[in-house]
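To keep things clear, I will list the structure first and then write my remarks on it.
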Amino acid sequence: MSKRAIIQRVDPPAAIPGGEVSIEWKGLDTDPNQPLRVLFADVKAHLVAASRARALTLVPGLEEHGQISVSIQRGSQSTSTSAIVLGRKLAADIHPVANPVFDPADNSLFVTRSGSRGEHVEVSIYRIRADGEIEEFSGDIMNPTAIAFDPRGQMFVTSRYDGTVYRVSPFKEVSVFASDLGIATGLAFNEEGEMFVGDRSGTIFRVDEIGQASPWAQHEPSVSAYHLAFGPDGALYVTGPTVSSFDAVTRFDNDGMAEIFYRGLGRPQGLAFDRDGNLYVAASLRGRRGIVKVPPDAGKAEIVVAGMNIVGLAFSGNGEMIVATNDALYGLPLGIYGSLI
């Protein structure tokens, strides 16, 4: 092997199976008659496109997870190995449509099996305990969409089927908290414990402590859902994918006045902040899909996790990023800690 044959960059440096990754190298034979192979932990990956020193490839499904090796072969020549962080599968055969959420009381993870509109599934909310065991939690909410905990640790769930926010007790008791909220999707609490609910048809509601809702802001309707998160600046950040491939993250101040925080994302969905104020969004950026990181100044965005069909994310207390696709959950040890808000 030539000492000059090295991988210079793996972009992004983390992925879930099926994610599209760019790999750049130097020093390999450029003879087009020699086959090019990309290997993840010695498993051949599917090539999407390749040039003399760069390839786009899909990460294969592997039993391994965490940091795994990446190498390139052309004919009998190979590069030195590089590495990528590959997510471990936590759950399958689920159907989240928004962020999974950690219970602040015991760090268990809640995720929905939302189903198609009007579909009743036997179990619509699952709990994944800290030890990894998956429990059936509730089947009493039709089309559960967003889950959030208020500052007192109470769990609330929106239903896009009946426009209702439900309160769910630790004993799995479900009760109506607020209703008549349109197609209720996004859900978030501010520092003062006020609830905000996104009706994807164009209204963001503020809901008081007894469940009375009032329109607070207007937003462009979404083809699927609103996703809400409060930032470290106290503002509400909202995504709502439209038919455009150049959607925005919108920032609402305390008075409900809107401004564009960042534009240029395709089908942006779940979003979350880290402790440094960076925003992470499930979206596509310049045609590539995954988790997009946007800095606090809304400067240069980058994909930090590659993956397809991602709908949301959450951060665990030990620095793990939880990524939700439309049918599975993955955990990636990235050393990123979520905002304390």
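A note on labels: chains of the structure tokens are A, B, ... as shown, every chain counts residues from 1, and ligands are counted from 1 in their shown order.
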Spatial neighbours of A:Thr81, 7 Å, only C-alpha atoms, chain gap at least 2 places, as a ChimeraX atom specification: /A:7,69-71,79,83
Per residue of stretch 258-288 of chain A within 12 Å of stretch 134-146 of chain A, what are the shortest atom pair and its distance in Å to one decimal, counting only C-alpha atoms, with rows by chain and residue number, as JSON lines?
```
{"residue": "A:Gln269", "atom": "CA", "partner": "A:Ala146", "partner_atom": "CA", "distance": 11.6}
{"residue": "A:Gly270", "atom": "CA", "partner": "A:Ala146", "partner_atom": "CA", "distance": 9.6}
{"residue": "A:Leu271", "atom": "CA", "partner": "A:Ala146", "partner_atom": "CA", "distance": 11.8}
```
Gap from atom CA of A:Ile128 to atom CA of A:Glu192 - Å, one decimal: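 Value for the atom CA of A:Ile128-atom CA of A:Glu192 distance: 28.3 Å.
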Could you give me, as JSON lines, a per-residue list for stretch 231-296 of chain A showing, wherever an atom lies at most 8 Å from an atom of stretch 196-218 of chain A, the closest pair of atoms and their distance in Å to one decimal, using only C-alpha atoms and sorting by chain then residue number from low to high?
```
{"residue": "A:Gly240", "atom": "CA", "partner": "A:Arg200", "partner_atom": "CA", "distance": 7.4}
{"residue": "A:Gly256", "atom": "CA", "partner": "A:Ala217", "partner_atom": "CA", "distance": 5.2}
{"residue": "A:Met257", "atom": "CA", "partner": "A:Ala217", "partner_atom": "CA", "distance": 7.3}
```
Close residues, A:Ser159 itself excluded, 10 Å, only C-alpha atoms, min 2 positions apart in chain, as a ChimeraX atom specification: /A:114,117,141-147,157,161-166,179,181-186
Serialized selection, N, CA and C atoms, as a PDB file, in the first residue's frame:
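The result, stored in result12.pdb:
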```pdb
ATOM      1  N   SER A 114     -47.241   6.702  15.777  1.00  0.00           N
ATOM      2  CA  SER A 114     -48.328   7.633  15.488  1.00  0.00           C
ATOM      3  C   SER A 114     -49.369   7.073  14.530  1.00  0.00           C
ATOM      4  N   ARG A 117     -53.221   9.067   9.585  1.00  0.00           N
ATOM      5  CA  ARG A 117     -54.301   9.850  10.184  1.00  0.00           C
ATOM      6  C   ARG A 117     -55.570   9.006  10.328  1.00  0.00           C
ATOM      7  N   ILE A 141     -54.244   7.358  22.945  1.00  0.00           N
ATOM      8  CA  ILE A 141     -54.231   8.611  22.181  1.00  0.00           C
ATOM      9  C   ILE A 141     -54.114   8.290  20.703  1.00  0.00           C
ATOM     10  N   MET A 142     -55.082   8.772  19.932  1.00  0.00           N
ATOM     11  CA  MET A 142     -55.068   8.566  18.489  1.00  0.00           C
ATOM     12  C   MET A 142     -54.086   9.535  17.835  1.00  0.00           C
ATOM     13  N   ASN A 143     -53.222   9.006  16.981  1.00  0.00           N
ATOM     14  CA  ASN A 143     -52.246   9.819  16.248  1.00  0.00           C
ATOM     15  C   ASN A 143     -51.440  10.756  17.153  1.00  0.00           C
ATOM     16  N   PRO A 144     -50.816  10.234  18.211  1.00  0.00           N
ATOM     17  CA  PRO A 144     -49.964  11.101  19.028  1.00  0.00           C
ATOM     18  C   PRO A 144     -48.836  11.678  18.178  1.00  0.00           C
ATOM     19  N   THR A 145     -48.544  12.948  18.416  1.00  0.00           N
ATOM     20  CA  THR A 145     -47.580  13.629  17.551  1.00  0.00           C
ATOM     21  C   THR A 145     -46.371  14.114  18.338  1.00  0.00           C
ATOM     22  N   ALA A 146     -46.539  15.185  19.099  1.00  0.00           N
ATOM     23  CA  ALA A 146     -45.423  15.709  19.895  1.00  0.00           C
ATOM     24  C   ALA A 146     -45.607  15.328  21.357  1.00  0.00           C
ATOM     25  N   ILE A 147     -44.489  15.104  22.037  1.00  0.00           N
ATOM     26  CA  ILE A 147     -44.472  14.835  23.471  1.00  0.00           C
ATOM     27  C   ILE A 147     -43.578  15.881  24.126  1.00  0.00           C
ATOM     28  N   VAL A 157     -49.050  15.340  25.535  1.00  0.00           N
ATOM     29  CA  VAL A 157     -48.964  14.779  24.189  1.00  0.00           C
ATOM     30  C   VAL A 157     -50.023  15.432  23.311  1.00  0.00           C
ATOM     31  N   TYR A 161     -55.019  14.144  15.328  1.00  0.00           N
ATOM     32  CA  TYR A 161     -56.310  13.614  14.899  1.00  0.00           C
ATOM     33  C   TYR A 161     -57.463  14.462  15.406  1.00  0.00           C
ATOM     34  N   ASP A 162     -57.452  14.809  16.692  1.00  0.00           N
ATOM     35  CA  ASP A 162     -58.597  15.526  17.266  1.00  0.00           C
ATOM     36  C   ASP A 162     -58.258  16.921  17.797  1.00  0.00           C
ATOM     37  N   GLY A 163     -57.041  17.417  17.527  1.00  0.00           N
ATOM     38  CA  GLY A 163     -56.692  18.767  17.937  1.00  0.00           C
ATOM     39  C   GLY A 163     -56.650  18.958  19.434  1.00  0.00           C
ATOM     40  N   THR A 164     -56.186  17.945  20.148  1.00  0.00           N
ATOM     41  CA  THR A 164     -56.208  17.960  21.606  1.00  0.00           C
ATOM     42  C   THR A 164     -54.810  17.779  22.173  1.00  0.00           C
ATOM     43  N   VAL A 165     -54.567  18.410  23.328  1.00  0.00           N
ATOM     44  CA  VAL A 165     -53.386  18.110  24.132  1.00  0.00           C
ATOM     45  C   VAL A 165     -53.842  17.272  25.313  1.00  0.00           C
ATOM     46  N   TYR A 166     -53.206  16.121  25.487  1.00  0.00           N
ATOM     47  CA  TYR A 166     -53.533  15.225  26.593  1.00  0.00           C
ATOM     48  C   TYR A 166     -52.449  15.294  27.656  1.00  0.00           C
ATOM     49  N   SER A 179     -58.200  21.570  24.190  1.00  0.00           N
ATOM     50  CA  SER A 179     -58.816  21.051  22.965  1.00  0.00           C
ATOM     51  C   SER A 179     -59.101  22.183  21.996  1.00  0.00           C
ATOM     52  N   LEU A 181     -57.680  22.769  19.040  1.00  0.00           N
ATOM     53  CA  LEU A 181     -56.407  23.362  18.650  1.00  0.00           C
ATOM     54  C   LEU A 181     -56.058  23.055  17.197  1.00  0.00           C
ATOM     55  N   GLY A 182     -57.079  22.859  16.361  1.00  0.00           N
ATOM     56  CA  GLY A 182     -56.832  22.596  14.946  1.00  0.00           C
ATOM     57  C   GLY A 182     -56.154  21.255  14.748  1.00  0.00           C
ATOM     58  N   ILE A 183     -55.154  21.228  13.870  1.00  0.00           N
ATOM     59  CA  ILE A 183     -54.348  20.017  13.663  1.00  0.00           C
ATOM     60  C   ILE A 183     -53.121  20.170  14.570  1.00  0.00           C
ATOM     61  N   ALA A 184     -53.298  19.802  15.836  1.00  0.00           N
ATOM     62  CA  ALA A 184     -52.273  20.050  16.856  1.00  0.00           C
ATOM     63  C   ALA A 184     -51.069  19.153  16.622  1.00  0.00           C
ATOM     64  N   THR A 185     -49.911  19.768  16.458  1.00  0.00           N
ATOM     65  CA  THR A 185     -48.686  18.998  16.211  1.00  0.00           C
ATOM     66  C   THR A 185     -47.602  19.414  17.204  1.00  0.00           C
ATOM     67  N   GLY A 186     -46.871  20.491  16.936  1.00  0.00           N
ATOM     68  CA  GLY A 186     -45.755  20.887  17.786  1.00  0.00           C
ATOM     69  C   GLY A 186     -46.174  21.260  19.193  1.00  0.00           C
TER      70      GLY A 186
END
```
Neighbour list for A:Gln8 as JSON, numbers by chain, cut-off 9 Å, only C-alpha atoms, skip fewer than 5 positions in-chain: {"A": [23, 24, 25, 26, 82]}
Selected residues, N, CA and C atoms, written as a short mmCIF file (atom, residue, chain, number, x, y, z; two decimals), in the first residue's frame, please.
```cif
data_model
loop_
_atom_site.label_atom_id
_atom_site.label_comp_id
_atom_site.auth_asym_id
_atom_site.auth_seq_id
_atom_site.Cartn_x
_atom_site.Cartn_y
_atom_site.Cartn_z
N ILE A 23 -16.71 10.85 0.98
CA ILE A 23 -15.36 10.46 1.39
C ILE A 23 -14.37 11.00 0.37
N GLU A 24 -13.34 11.69 0.86
CA GLU A 24 -12.30 12.24 0.01
C GLU A 24 -10.97 11.60 0.36
N TRP A 25 -10.15 11.35 -0.65
CA TRP A 25 -8.87 10.68 -0.42
C TRP A 25 -7.82 11.22 -1.39
N LYS A 26 -6.60 10.80 -1.15
CA LYS A 26 -5.51 11.09 -2.10
C LYS A 26 -4.56 9.90 -2.14
N SER A 82 -9.87 5.44 8.05
CA SER A 82 -10.38 6.57 8.82
C SER A 82 -11.51 6.02 9.68
#
```
Sel. of strand (DSSP E or B) residues, stretch 110-186 of chain A, as an MDAnalysis selection string: chainID A and resid 110:113 125:128 134:138 144:149 155:159 164:168 174:178 184:186
Within 10 Å of stretch 320-329 of chain A using only C-alpha atoms, minus same-chain residues under 3 positions, as JSON, numbers by chain: {"A": [15, 16, 87, 88, 89, 90, 91, 92, 93, 94, 95, 96, 97, 98, 99, 100, 101, 102, 109, 111, 112, 113, 114, 270, 282, 290, 291, 305, 307, 308, 309, 310, 311, 312, 313, 314, 315, 316, 317, 332, 333, 334, 335, 336, 337, 338]}
Output N, CA and C atoms of each residue in that selection to a file, as a compact mmCIF listing (two decimals), in the first residue's frame.
```
# COMPACT_ATOMS: atom_id res chain seq x y z
N ALA A 15 -23.23 8.90 11.26
CA ALA A 15 -24.31 8.49 10.36
C ALA A 15 -25.14 7.40 11.02
N ILE A 16 -26.31 7.18 10.45
CA ILE A 16 -27.09 5.98 10.74
C ILE A 16 -27.14 5.17 9.44
N GLY A 87 -24.59 4.99 14.39
CA GLY A 87 -25.60 4.87 15.43
C GLY A 87 -25.98 3.43 15.71
N ARG A 88 -26.32 3.16 16.98
CA ARG A 88 -26.84 1.84 17.36
C ARG A 88 -28.36 1.91 17.39
N LYS A 89 -28.99 0.88 16.91
CA LYS A 89 -30.45 0.87 16.85
C LYS A 89 -31.00 0.60 18.25
N LEU A 90 -31.89 1.47 18.69
CA LEU A 90 -32.52 1.34 20.00
C LEU A 90 -33.90 0.71 19.92
N ALA A 91 -34.59 0.99 18.83
CA ALA A 91 -35.96 0.47 18.67
C ALA A 91 -36.30 0.47 17.19
N ALA A 92 -37.19 -0.46 16.81
CA ALA A 92 -37.65 -0.56 15.43
C ALA A 92 -39.15 -0.77 15.42
N ASP A 93 -39.74 -0.71 14.23
CA ASP A 93 -41.18 -0.91 14.06
C ASP A 93 -42.00 0.07 14.88
N ILE A 94 -41.54 1.32 14.92
CA ILE A 94 -42.30 2.39 15.55
C ILE A 94 -42.63 3.42 14.46
N HIS A 95 -43.30 4.48 14.82
CA HIS A 95 -43.65 5.48 13.81
C HIS A 95 -43.70 6.87 14.44
N PRO A 96 -42.54 7.40 14.82
CA PRO A 96 -42.53 8.78 15.32
C PRO A 96 -42.71 9.76 14.17
N VAL A 97 -43.31 10.90 14.47
CA VAL A 97 -43.43 11.97 13.49
C VAL A 97 -42.84 13.28 14.03
N ALA A 98 -42.20 13.21 15.19
CA ALA A 98 -41.58 14.37 15.81
C ALA A 98 -40.47 13.88 16.73
N ASN A 99 -39.93 14.78 17.55
CA ASN A 99 -38.83 14.41 18.44
C ASN A 99 -39.23 13.34 19.45
N PRO A 100 -38.35 12.38 19.75
CA PRO A 100 -38.50 11.60 20.97
C PRO A 100 -38.16 12.51 22.15
N VAL A 101 -38.55 12.12 23.36
CA VAL A 101 -38.37 13.00 24.52
C VAL A 101 -37.93 12.19 25.73
N PHE A 102 -36.96 12.74 26.49
CA PHE A 102 -36.52 12.12 27.72
C PHE A 102 -37.37 12.59 28.90
N LEU A 109 -36.89 7.18 27.80
CA LEU A 109 -37.12 7.86 26.53
C LEU A 109 -38.51 7.49 26.01
N VAL A 111 -41.36 7.68 22.89
CA VAL A 111 -41.47 7.81 21.44
C VAL A 111 -42.85 7.30 21.02
N THR A 112 -43.37 7.83 19.93
CA THR A 112 -44.71 7.46 19.51
C THR A 112 -44.69 6.42 18.39
N ARG A 113 -45.80 5.74 18.29
CA ARG A 113 -46.16 5.01 17.08
C ARG A 113 -47.43 5.69 16.59
N SER A 114 -47.24 6.70 15.78
CA SER A 114 -48.33 7.63 15.49
C SER A 114 -49.37 7.07 14.53
N GLY A 270 -38.06 17.94 13.21
CA GLY A 270 -37.73 18.11 14.61
C GLY A 270 -36.46 18.93 14.82
N ALA A 282 -33.61 18.20 11.95
CA ALA A 282 -33.75 17.09 11.00
C ALA A 282 -34.19 17.68 9.67
N GLY A 290 -30.07 14.64 6.72
CA GLY A 290 -29.55 14.21 8.00
C GLY A 290 -29.93 15.17 9.11
N ILE A 291 -29.03 15.32 10.08
CA ILE A 291 -29.17 16.31 11.15
C ILE A 291 -28.27 17.49 10.81
N VAL A 305 -24.85 14.54 11.10
CA VAL A 305 -25.23 13.13 11.07
C VAL A 305 -25.95 12.87 9.75
N GLY A 307 -28.37 10.64 7.37
CA GLY A 307 -29.43 9.65 7.54
C GLY A 307 -30.64 10.02 6.71
N MET A 308 -31.42 9.02 6.35
CA MET A 308 -32.62 9.23 5.56
C MET A 308 -33.85 9.11 6.45
N ASN A 309 -34.91 9.80 6.04
CA ASN A 309 -36.21 9.72 6.71
C ASN A 309 -36.15 10.09 8.18
N ILE A 310 -35.27 11.02 8.53
CA ILE A 310 -35.16 11.46 9.93
C ILE A 310 -36.25 12.50 10.22
N VAL A 311 -36.94 12.30 11.35
CA VAL A 311 -38.04 13.21 11.71
C VAL A 311 -37.76 14.00 12.98
N GLY A 312 -36.78 13.57 13.79
CA GLY A 312 -36.54 14.28 15.04
C GLY A 312 -35.30 13.78 15.75
N LEU A 313 -35.02 14.44 16.88
CA LEU A 313 -33.82 14.10 17.66
C LEU A 313 -34.01 14.54 19.10
N ALA A 314 -33.14 14.04 19.96
CA ALA A 314 -33.11 14.44 21.37
C ALA A 314 -31.70 14.18 21.88
N PHE A 315 -31.34 14.85 22.99
CA PHE A 315 -30.04 14.66 23.61
C PHE A 315 -30.21 14.01 24.97
N SER A 316 -29.42 12.98 25.24
CA SER A 316 -29.48 12.31 26.53
C SER A 316 -28.58 13.04 27.52
N GLY A 317 -28.66 12.64 28.78
CA GLY A 317 -27.84 13.26 29.81
C GLY A 317 -26.38 12.87 29.76
N LEU A 332 -26.32 7.86 19.08
CA LEU A 332 -24.96 8.14 18.61
C LEU A 332 -24.18 8.85 19.72
N PRO A 333 -23.05 8.28 20.17
CA PRO A 333 -22.27 8.90 21.24
C PRO A 333 -21.40 10.05 20.70
N LEU A 334 -21.97 11.24 20.65
CA LEU A 334 -21.30 12.38 20.03
C LEU A 334 -20.78 13.39 21.04
N GLY A 335 -21.06 13.19 22.34
CA GLY A 335 -20.60 14.13 23.34
C GLY A 335 -21.26 15.49 23.26
N ILE A 336 -22.51 15.52 22.81
CA ILE A 336 -23.27 16.77 22.70
C ILE A 336 -24.35 16.76 23.77
N TYR A 337 -24.44 17.83 24.54
CA TYR A 337 -25.39 17.93 25.63
C TYR A 337 -26.48 18.94 25.30
N GLY A 338 -27.72 18.57 25.57
CA GLY A 338 -28.84 19.42 25.22
C GLY A 338 -28.96 20.64 26.11
```
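In this model, the gap between atom CA of A:Thr250 and atom CA of A:Met195 comes to 18.0 Å.
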